[in-house]
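**Student:** Take a look at this one; I'll ask things after.
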Amino acid sequence: MEKQKILVVDDALDNHLILKTILENHYDLIYAERGKQALSLARFEKPDLILLDVIMPDMDGFETCRKLKADYLTRAIPVIFVTSLGEVKDEALGFEVGGVDYITKPVNPSLVRARVKTHLALYDQNRELKRMVEEATKEIKETQVVVIERLGRAAEYRDNETGKHVIRMSLYSRILAIALGMSPEDAETLKLAAPMHDIGKIRIPDNILKRKGGLDHDEMEMMRAHARFGAEIIGTHHSELLKMARTVAMSHHEKWDGTGYPDGLSGEDIPLVSRIVAIADVFDALTSKRPYKEAWPVERAIEYIEIRAGAHFDPNITPLLRTELDKIMDVYNCYVEDITGRAPPVDEIDDISIQVRR
């Protein structure tokens, strides 16, 4: 039977050795000395449990835990704090940021083994319970999905696009999410949430939304308001699907360098799902034929996005367009656009203007 994997995070190598002695006979152990290293390893290795020190350089354990719980790739992994901080306020903060347990140093080997065993068992039970609940609520979720898809398509129809755009970009989003390491369940939820990315356009006046020429400053501000409008339309809900749809609607126009909208978020402060959708949405916009432009060749569209990696787009996601190109092309060929009409040559189109209303 394959051993469960535990990530030990502590800047003191002596503590690595202590926990290794206690746990190595029962579990596979991997190690990190800094919070940022722990975040990367958690995404890549997908441990079943994390033992996390608090006092570390650069990023302390509390902040590391916050980031783990904010990331769709790592949020479900249980975190046990193992630290010399024994004050009640420290323990309370540990639970507040998402920890499932709190062990103070010097550690008791029997206690560590017992706590680890308990929380790994609970983690397995929670995964099975989640599966059972999802199965029981499948019909309700299917109804939600139908409503969301219809609303997403309604927004696209108002914007002179076909419903195939939301199908393609949502499937592209799922492909990129899985390649990035997102769980199949969360990737499927993203596929279902992505069609709602532009639902806020329903509130944009026709004279702005459907204008073929450029927009003045006030009109552009109204157009950009569709991100907040979308979040307001979806609202707050306990459903994971609607929560994700709201996140995507609100922040899919944020840019890696902080120059996007509506909040000017940058880097990993932009929700992961929104960074994925941003690439999928623009890639589809570029490779789709519209009444005002020809479809770009796929290679040119990828190059366009690659050039803007680190500025507009997440540089860690962008390379996946090439590595997953076969799957992307399967979607592209399955849902071919059927818009007809005379369009200017590609070389006569301003790259940026294509995205003005996206």
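Ligands are numbered from 1 in the order shown, residues from 1 within each chain, and chains are lettered A, B, ... in the order they appear in the structure tokens.
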Please, which residues of stretch 230-338 of chain A, numbered as in this document, come out strand (DSSP E or B) from DSSP, as a ChimeraX atom specification?

**Tutor:** /A:290,293,309,313

**Student:** Using DSSP on the backbone coordinates, identify all residues within stretch 41-211 of chain A classified as helix (DSSP H, G or I); present the result as a VMD selection string.

**Tutor:** chain A and resid 41 to 45 61 to 70 88 to 96 109 to 136 138 to 158 163 to 180 184 to 196 199 to 203 206 to 209

**Student:** Restricting the calculation to only C-alpha atoms: of A:Ile204, A:Val82, A:Leu171, A:Thr104, which residue gets closest to A:Cys334?

**Tutor:**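 Between A:Ile204, A:Val82, A:Leu171, A:Thr104, the residue approaching A:Cys334 most closely is A:Leu171.
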
**Student:** Within 12 Å of A:Thr21, counting only C-alpha atoms, which residues show up once you throw out same-chain ones fewer than 6 positions away? Write them as an NGL selection string, please.

**Tutor:** :A and (14-15 or 27-29 or 107-110 or 112-113)

**Student:** Can you write out the residues you just picked, keeping C-alpha atoms, as a PDB file, in the first residue's frame?

**Tutor:**
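Final output, result37.pdb:
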```pdb
ATOM      1  CA  ASP A  14      17.160  19.910  13.488  1.00  0.00           C
ATOM      2  CA  ASN A  15      13.373  19.970  13.543  1.00  0.00           C
ATOM      3  CA  TYR A  27       4.824   8.066   5.923  1.00  0.00           C
ATOM      4  CA  ASP A  28       6.698   9.551   2.953  1.00  0.00           C
ATOM      5  CA  LEU A  29       8.189  12.857   4.064  1.00  0.00           C
ATOM      6  CA  VAL A 107       7.133  17.816  20.579  1.00  0.00           C
ATOM      7  CA  ASN A 108       5.971  14.594  22.166  1.00  0.00           C
ATOM      8  CA  PRO A 109       6.530  11.774  19.635  1.00  0.00           C
ATOM      9  CA  SER A 110       3.430   9.825  20.661  1.00  0.00           C
ATOM     10  CA  VAL A 112       2.625  13.846  17.004  1.00  0.00           C
ATOM     11  CA  ARG A 113       1.952  10.348  15.652  1.00  0.00           C
TER      12      ARG A 113
END
```

**Student:** Could you work out how far atom CA of A:Ala227 lies from atom CA of A:Ala249, giving the answer in Å with one decimal?

**Tutor:**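 That distance, rounded to one decimal, is 5.6 Å.
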
**Student:** From the list A:Gly99, A:Pro319, A:Pro297, A:Pro262, which residue is nearest A:Tyr332 when using only C-alpha atoms?

**Tutor:** A:Pro297

**Student:** Work out how far apart atom CA of A:Met244 and atom CA of A:Leu190 are and give it in Å to one decimal.

**Tutor:**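 Answer for the atom CA of A:Met244 to atom CA of A:Leu190 separation: 7.0 Å.
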
**Student:** In Å to one decimal, how far is atom CA of A:Lys327 from atom CA of A:Ala301?

**Tutor:**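 Those two atoms sit 16.1 Å apart.
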
**Student:** With only C-alpha atoms as the atoms that count, which of A:His253, A:Lys243, A:Lys164, A:His16 lies nearest to A:Lys289?

**Tutor:**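 Of A:His253, A:Lys243, A:Lys164, A:His16, the one nearest A:Lys289 is A:Lys164, counting only C-alpha atoms.
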